[in-house]
Amino acid sequence: MLGQTARMSGPVAREDAGLVPQGARPQPPTAEVVDARESLVGGLTVRRALPRARRRTVGAWCFVDHVGPLAVEPDGGLDIGPHPHTGLATVTYLLEGQVLHRDSLGSEQVVRPGQLNLMTAGRGVAHAEEPTGAYRGTLHGVQLWVAQPSATRTGEPAFEHHAELPELALDGADVRVLVGELGAAASPARRDSDLLGAGVTLAPGAAVLPLAPAYEHLVVVLDGVLLLDDGRPVRPGQSAYLGTGRDELVLAAPEGARVLLLGGVPFGEQIVMWWNFVGRSREEVADAARAWEAGDDRFGAVATGLDRIPAPQL
Ligand code: MN
């Protein structure tokens with residue numbers, strides 16, 4: 001039984017595993033302010049904005065962890081041994097600190113603030129996330145997953161790193177476009193569905209962001225206090241779900257703020273998320289777990305000194 005083991009499997013808890021149908025999405029101009037769930041990942045407490053029982057996806061975004069800010073030693077911070085993924089892309093984006101990414105494609109890449117680390121799992125890949133051994137200071141960032149659509153989800157794995165990303169200077173906000181496009185700025189990063197991911201730095205005051213009305217959006221507050229257009233505050237550890245149908249978004253931050261803006265066309269496929277897999281059925285994710293435990297070639301090997309993370313018992 002998957003449900004029986006999921007509570008100890010991480011990172012997707014049973015409550016959020018999405019084995020029940022999603023609720024109806026609100027119509028604009030509704031904004032839902034939701035508290036993140038605290039979770040333990042690689043020895044660190046993170047704040048998980050997605051998935052939640054009533055909101056499993058925003059566009060194809062299906063997993064949103066906010067890490068830090070916290071002080072780390074050179075051998076500390078994110079420290080996660082080799083583990084597998086299927087059917088999703090992982091996105092790592094840092095505001096501060098460093099993370100070393102290694103994967104079974106042979107990639108070895110230090111991720112630094114402002115850069116985009118994007119690994120697409122397709123039918124299967126494995127990676128490790130490690131301290132660089134050379135950084136002491138603050139670690140602050142996000143780790144995200146994007147569900148792949150059926151058209152690509154069983155395809156070949158791939159890795160991209162983008163040290164340079166397009167920026168958009170708006171009145172009152174600097175926007176770095178990680179994935180997709182906002183206004184005149186378009187990211188070169190791969191995307192398998194209509195998707196937006198952007199880091200927004202708000203100056204004290206307010207800014208107006210152009211949005212795609214066909215997209216639903218989620219604003220995750222990373223730093224500072226954001227005020228929605230109805231005056232409600234949104235703080236770090238909270239996010240605001242904004243539904244579809246907006247062509248612009250007013251973001252006010254009297255003292256400035258940093259937020260992550262995620263969006264996309266509502267994902268039309270029912271997904272099953274379990275452990276580190278995104279599939280379409282319990283059988284499929286159970287097969288993936290068995291393949292990992294059997295050392296199947298589909299995941300390859302990661303060149304690292306860290307221990308493999310075993311799949312939860314099936
Ligand atoms: Mn991972």
# chains A, B, ... in the order shown; residues from 1 in each chain; ligands from 1
call {"tool": "residues_near_ligand", "arguments": {"ligand": "ligand 1", "cutoff": "12 Å", "atoms": "only C-alpha atoms and all ligand atoms", "output": "NGL selection string"}}
result
:A and (10-12 or 41-42 or 63 or 65 or 78-86 or 88-92 or 101-104 or 117-121 or 124-130 or 143-146 or 275-278 or 308-309)
call {"tool": "closest_atom_pairs", "arguments": {"of": "range 188-214 of chain A", "to": "range 260-267 of chain A", "cutoff": "10 Å", "atoms": "only C-alpha atoms", "output": "CSV"}}
result
residue,atom,partner,partner_atom,distance
A:Ser193,CA,A:Gly264,CA,7.8
A:Asp194,CA,A:Gly264,CA,5.4
A:Leu195,CA,A:Gly264,CA,4.1
A:Leu196,CA,A:Gly263,CA,4.8
A:Gly197,CA,A:Leu262,CA,4.6
A:Ala198,CA,A:Leu261,CA,5.1
A:Gly199,CA,A:Leu260,CA,4.8
A:Val200,CA,A:Leu260,CA,6.1
A:Thr201,CA,A:Leu260,CA,8.9
A:Leu211,CA,A:Gly263,CA,8.9
A:Ala212,CA,A:Gly264,CA,8.5
A:Pro213,CA,A:Val265,CA,9.1
A:Ala214,CA,A:Val265,CA,6.0
call {"tool": "write_last_selection", "arguments": {"atoms": "N, CA and C atoms", "output": "CSV table (one decimal), in the first residue's frame"}}
result
chain,number,residue,atom,x,y,z
A,193,SER,N,5.7,22.9,-21.1
A,193,SER,CA,4.4,23.4,-21.1
A,193,SER,C,4.4,24.9,-21.0
A,194,ASP,N,3.2,25.5,-21.1
A,194,ASP,CA,3.1,27.0,-21.0
A,194,ASP,C,3.3,27.3,-19.5
A,195,LEU,N,4.5,28.0,-19.2
A,195,LEU,CA,4.9,28.1,-17.9
A,195,LEU,C,5.6,29.4,-17.6
A,196,LEU,N,5.6,29.9,-16.4
A,196,LEU,CA,6.3,31.1,-16.0
A,196,LEU,C,7.0,30.9,-14.7
A,197,GLY,N,8.2,31.2,-14.6
A,197,GLY,CA,8.9,31.3,-13.2
A,197,GLY,C,9.7,32.5,-13.2
A,198,ALA,N,9.6,33.4,-12.2
A,198,ALA,CA,10.3,34.6,-12.2
A,198,ALA,C,10.7,35.0,-10.8
A,199,GLY,N,11.9,35.5,-10.6
A,199,GLY,CA,12.3,36.1,-9.3
A,199,GLY,C,12.0,37.6,-9.4
A,200,VAL,N,11.3,38.1,-8.4
A,200,VAL,CA,10.9,39.6,-8.4
A,200,VAL,C,11.5,40.3,-7.2
A,201,THR,N,12.2,41.3,-7.4
A,201,THR,CA,12.7,42.1,-6.3
A,201,THR,C,11.9,43.4,-6.3
A,211,LEU,N,0.7,40.1,-16.7
A,211,LEU,CA,0.5,38.7,-16.6
A,211,LEU,C,-0.3,38.2,-17.8
A,212,ALA,N,-0.1,36.9,-18.0
A,212,ALA,CA,-0.9,36.2,-19.1
A,212,ALA,C,-2.2,35.7,-18.5
A,213,PRO,N,-3.3,36.2,-19.0
A,213,PRO,CA,-4.6,35.9,-18.4
A,213,PRO,C,-5.0,34.4,-18.5
A,214,ALA,N,-4.4,33.7,-19.4
A,214,ALA,CA,-4.7,32.2,-19.5
A,214,ALA,C,-3.9,31.4,-18.4
call {"tool": "residues_around", "arguments": {"residues": "Gly268 in chain A", "least_positions_apart": "3", "cutoff": "10 Å", "atoms": "only C-alpha atoms", "output": "compact mmCIF listing (two decimals) with all heavy atoms, in the first residue's frame"}}
result
# COMPACT_ATOMS: atom_id res chain seq x y z
N GLY A 59 -0.21 25.81 -12.80
CA GLY A 59 0.37 25.44 -14.08
C GLY A 59 0.92 24.03 -13.91
O GLY A 59 0.30 23.18 -13.26
N ALA A 60 2.11 23.78 -14.44
CA ALA A 60 2.74 22.47 -14.25
C ALA A 60 3.65 22.46 -13.02
O ALA A 60 4.28 21.44 -12.73
CB ALA A 60 3.53 22.08 -15.49
N PRO A 149 4.49 17.03 -19.18
CA PRO A 149 3.27 16.53 -19.83
C PRO A 149 3.52 15.17 -20.47
O PRO A 149 4.68 14.75 -20.65
CB PRO A 149 2.99 17.60 -20.89
CG PRO A 149 4.34 18.18 -21.21
CD PRO A 149 5.13 18.12 -19.93
N VAL A 265 -0.49 27.64 -17.65
CA VAL A 265 -1.82 27.17 -18.01
C VAL A 265 -2.15 26.00 -17.09
O VAL A 265 -1.31 25.10 -16.91
CB VAL A 265 -1.85 26.74 -19.49
CG1 VAL A 265 -3.15 26.03 -19.82
CG2 VAL A 265 -1.64 27.96 -20.40
N ILE A 271 -2.09 13.92 -12.07
CA ILE A 271 -0.80 13.33 -11.76
C ILE A 271 -0.86 12.59 -10.42
O ILE A 271 -1.69 12.90 -9.58
CB ILE A 271 0.33 14.38 -11.72
CG1 ILE A 271 0.06 15.43 -10.64
CG2 ILE A 271 0.48 15.03 -13.09
CD1 ILE A 271 1.23 16.40 -10.45
call {"tool": "select_by_dssp", "arguments": {"residues": "range 116-294 of chain A", "states": "helix (DSSP H, G or I)", "output": "JSON, numbers by chain"}}
result
{"A": [282, 283, 284, 285, 286, 287, 288, 289, 290, 291, 292, 293]}
call {"tool": "write_last_selection", "arguments": {"atoms": "all heavy atoms", "output": "compact mmCIF listing (two decimals), in the first residue's frame"}}
result
# COMPACT_ATOMS: atom_id res chain seq x y z
N ARG A 282 -0.51 4.76 -9.45
CA ARG A 282 0.27 4.20 -8.35
C ARG A 282 1.22 3.13 -8.83
O ARG A 282 2.35 3.01 -8.36
CB ARG A 282 -0.67 3.59 -7.31
CG ARG A 282 -1.61 4.59 -6.68
CD ARG A 282 -2.51 3.86 -5.72
NE ARG A 282 -3.53 4.75 -5.20
CZ ARG A 282 -3.99 4.71 -3.96
NH1 ARG A 282 -3.51 3.83 -3.12
NH2 ARG A 282 -4.90 5.54 -3.55
N GLU A 283 0.74 2.31 -9.79
CA GLU A 283 1.57 1.22 -10.29
C GLU A 283 2.84 1.79 -10.92
O GLU A 283 3.93 1.25 -10.75
CB GLU A 283 0.79 0.40 -11.32
CG GLU A 283 -0.38 -0.38 -10.75
CD GLU A 283 -1.56 0.51 -10.33
OE1 GLU A 283 -1.69 1.65 -10.85
OE2 GLU A 283 -2.34 0.08 -9.46
N GLU A 284 2.68 2.87 -11.65
CA GLU A 284 3.82 3.45 -12.35
C GLU A 284 4.89 3.95 -11.36
O GLU A 284 6.08 3.68 -11.54
CB GLU A 284 3.33 4.60 -13.23
CG GLU A 284 4.44 5.22 -14.05
CD GLU A 284 3.99 6.50 -14.74
OE1 GLU A 284 2.79 6.66 -15.03
OE2 GLU A 284 4.86 7.35 -14.97
N VAL A 285 4.48 4.66 -10.33
CA VAL A 285 5.48 5.17 -9.39
C VAL A 285 6.06 4.03 -8.54
O VAL A 285 7.23 4.07 -8.15
CB VAL A 285 4.92 6.32 -8.52
CG1 VAL A 285 4.61 7.53 -9.39
CG2 VAL A 285 3.71 5.90 -7.71
N ALA A 286 5.24 3.00 -8.28
CA ALA A 286 5.77 1.83 -7.56
C ALA A 286 6.83 1.12 -8.40
O ALA A 286 7.86 0.68 -7.89
CB ALA A 286 4.63 0.88 -7.20
N ASP A 287 6.59 1.03 -9.70
CA ASP A 287 7.58 0.43 -10.60
C ASP A 287 8.88 1.22 -10.58
O ASP A 287 9.97 0.64 -10.57
CB ASP A 287 7.05 0.42 -12.05
CG ASP A 287 6.08 -0.72 -12.29
OD1 ASP A 287 6.00 -1.62 -11.43
OD2 ASP A 287 5.42 -0.69 -13.35
N ALA A 288 8.76 2.54 -10.57
CA ALA A 288 9.96 3.39 -10.56
C ALA A 288 10.76 3.15 -9.28
O ALA A 288 11.99 3.05 -9.31
CB ALA A 288 9.56 4.86 -10.70
N ALA A 289 10.05 3.04 -8.15
CA ALA A 289 10.74 2.80 -6.88
C ALA A 289 11.45 1.44 -6.88
O ALA A 289 12.58 1.32 -6.43
CB ALA A 289 9.73 2.88 -5.72
N ARG A 290 10.78 0.43 -7.43
CA ARG A 290 11.41 -0.90 -7.50
C ARG A 290 12.64 -0.87 -8.40
O ARG A 290 13.66 -1.49 -8.10
CB ARG A 290 10.40 -1.94 -8.00
CG ARG A 290 9.48 -2.47 -6.89
CD ARG A 290 8.69 -3.69 -7.37
NE ARG A 290 7.71 -3.30 -8.38
CZ ARG A 290 6.44 -2.99 -8.10
NH1 ARG A 290 6.01 -3.05 -6.84
NH2 ARG A 290 5.60 -2.64 -9.05
N ALA A 291 12.54 -0.12 -9.49
CA ALA A 291 13.68 -0.02 -10.42
C ALA A 291 14.87 0.64 -9.72
O ALA A 291 16.03 0.23 -9.90
CB ALA A 291 13.28 0.76 -11.66
N TRP A 292 14.62 1.67 -8.93
CA TRP A 292 15.69 2.34 -8.19
C TRP A 292 16.34 1.38 -7.21
O TRP A 292 17.56 1.27 -7.11
CB TRP A 292 15.14 3.57 -7.47
CG TRP A 292 16.13 4.24 -6.56
CD1 TRP A 292 16.09 4.28 -5.20
CD2 TRP A 292 17.31 4.97 -6.95
NE1 TRP A 292 17.15 5.00 -4.70
CE2 TRP A 292 17.92 5.43 -5.76
CE3 TRP A 292 17.90 5.27 -8.18
CZ2 TRP A 292 19.10 6.18 -5.77
CZ3 TRP A 292 19.08 6.02 -8.19
CH2 TRP A 292 19.66 6.47 -6.99
N GLU A 293 15.50 0.63 -6.48
CA GLU A 293 16.03 -0.32 -5.50
C GLU A 293 16.83 -1.43 -6.17
O GLU A 293 17.79 -1.94 -5.60
CB GLU A 293 14.87 -0.92 -4.68
CG GLU A 293 14.32 0.05 -3.67
CD GLU A 293 15.41 0.64 -2.78
OE1 GLU A 293 15.91 -0.06 -1.90
OE2 GLU A 293 15.78 1.82 -2.99
call {"tool": "atom_distance", "arguments": {"atom1": "CA of Ala186 in chain A", "atom2": "CA of Glu248 in chain A"}}
result
17.3 Å
call {"tool": "atom_distance", "arguments": {"atom1": "CA of Arg258 in chain A", "atom2": "CA of Ala31 in chain A"}}
result
18.7 Å
call {"tool": "closest_residue", "arguments": {"among": "A:Ala151, A:Leu70, A:Ala163, A:Gly243", "to": "Arg112 in chain A", "atoms": "only C-alpha atoms"}}
result
A:Ala163
call {"tool": "select_by_dssp", "arguments": {"residues": "range 64-218 of chain A", "states": "strand (DSSP E or B)", "output": "PyMOL selection string"}}
result
chain A and resi 64-72+80-86+88-96+99-103+108-111+116-120+125-130+137-147+158-162+167-170+173-179+181-182+185-186+195-202+205-210+216-218
call {"tool": "atom_distance", "arguments": {"atom1": "CA of Glu164 in chain A", "atom2": "CA of Leu100 in chain A"}}
result
17.7 Å
call {"tool": "residues_around", "arguments": {"residues": "Thr154 in chain A", "least_positions_apart": "4", "cutoff": "7 Å", "atoms": "only C-alpha atoms", "output": "VMD selection string"}}
result
chain A and resid 87 122 to 123
call {"tool": "residues_around", "arguments": {"residues": "range 138-141 of chain A", "least_positions_apart": "2", "cutoff": "12 Å", "atoms": "only C-alpha atoms", "output": "JSON, numbers by chain"}}
result
{"A": [44, 45, 46, 47, 64, 65, 66, 67, 68, 69, 70, 71, 72, 73, 74, 76, 77, 78, 91, 92, 93, 94, 95, 96, 97, 98, 99, 111, 112, 113, 114, 115, 116, 117, 131, 132, 135, 136, 143, 144, 199, 220, 221, 222, 223, 236, 258, 259, 260]}
call {"tool": "closest_residue", "arguments": {"among": "A:Gly279, A:Gly295, A:Gly106, A:Gly172", "to": "Val208 in chain A", "atoms": "only C-alpha atoms"}}
result
A:Gly172
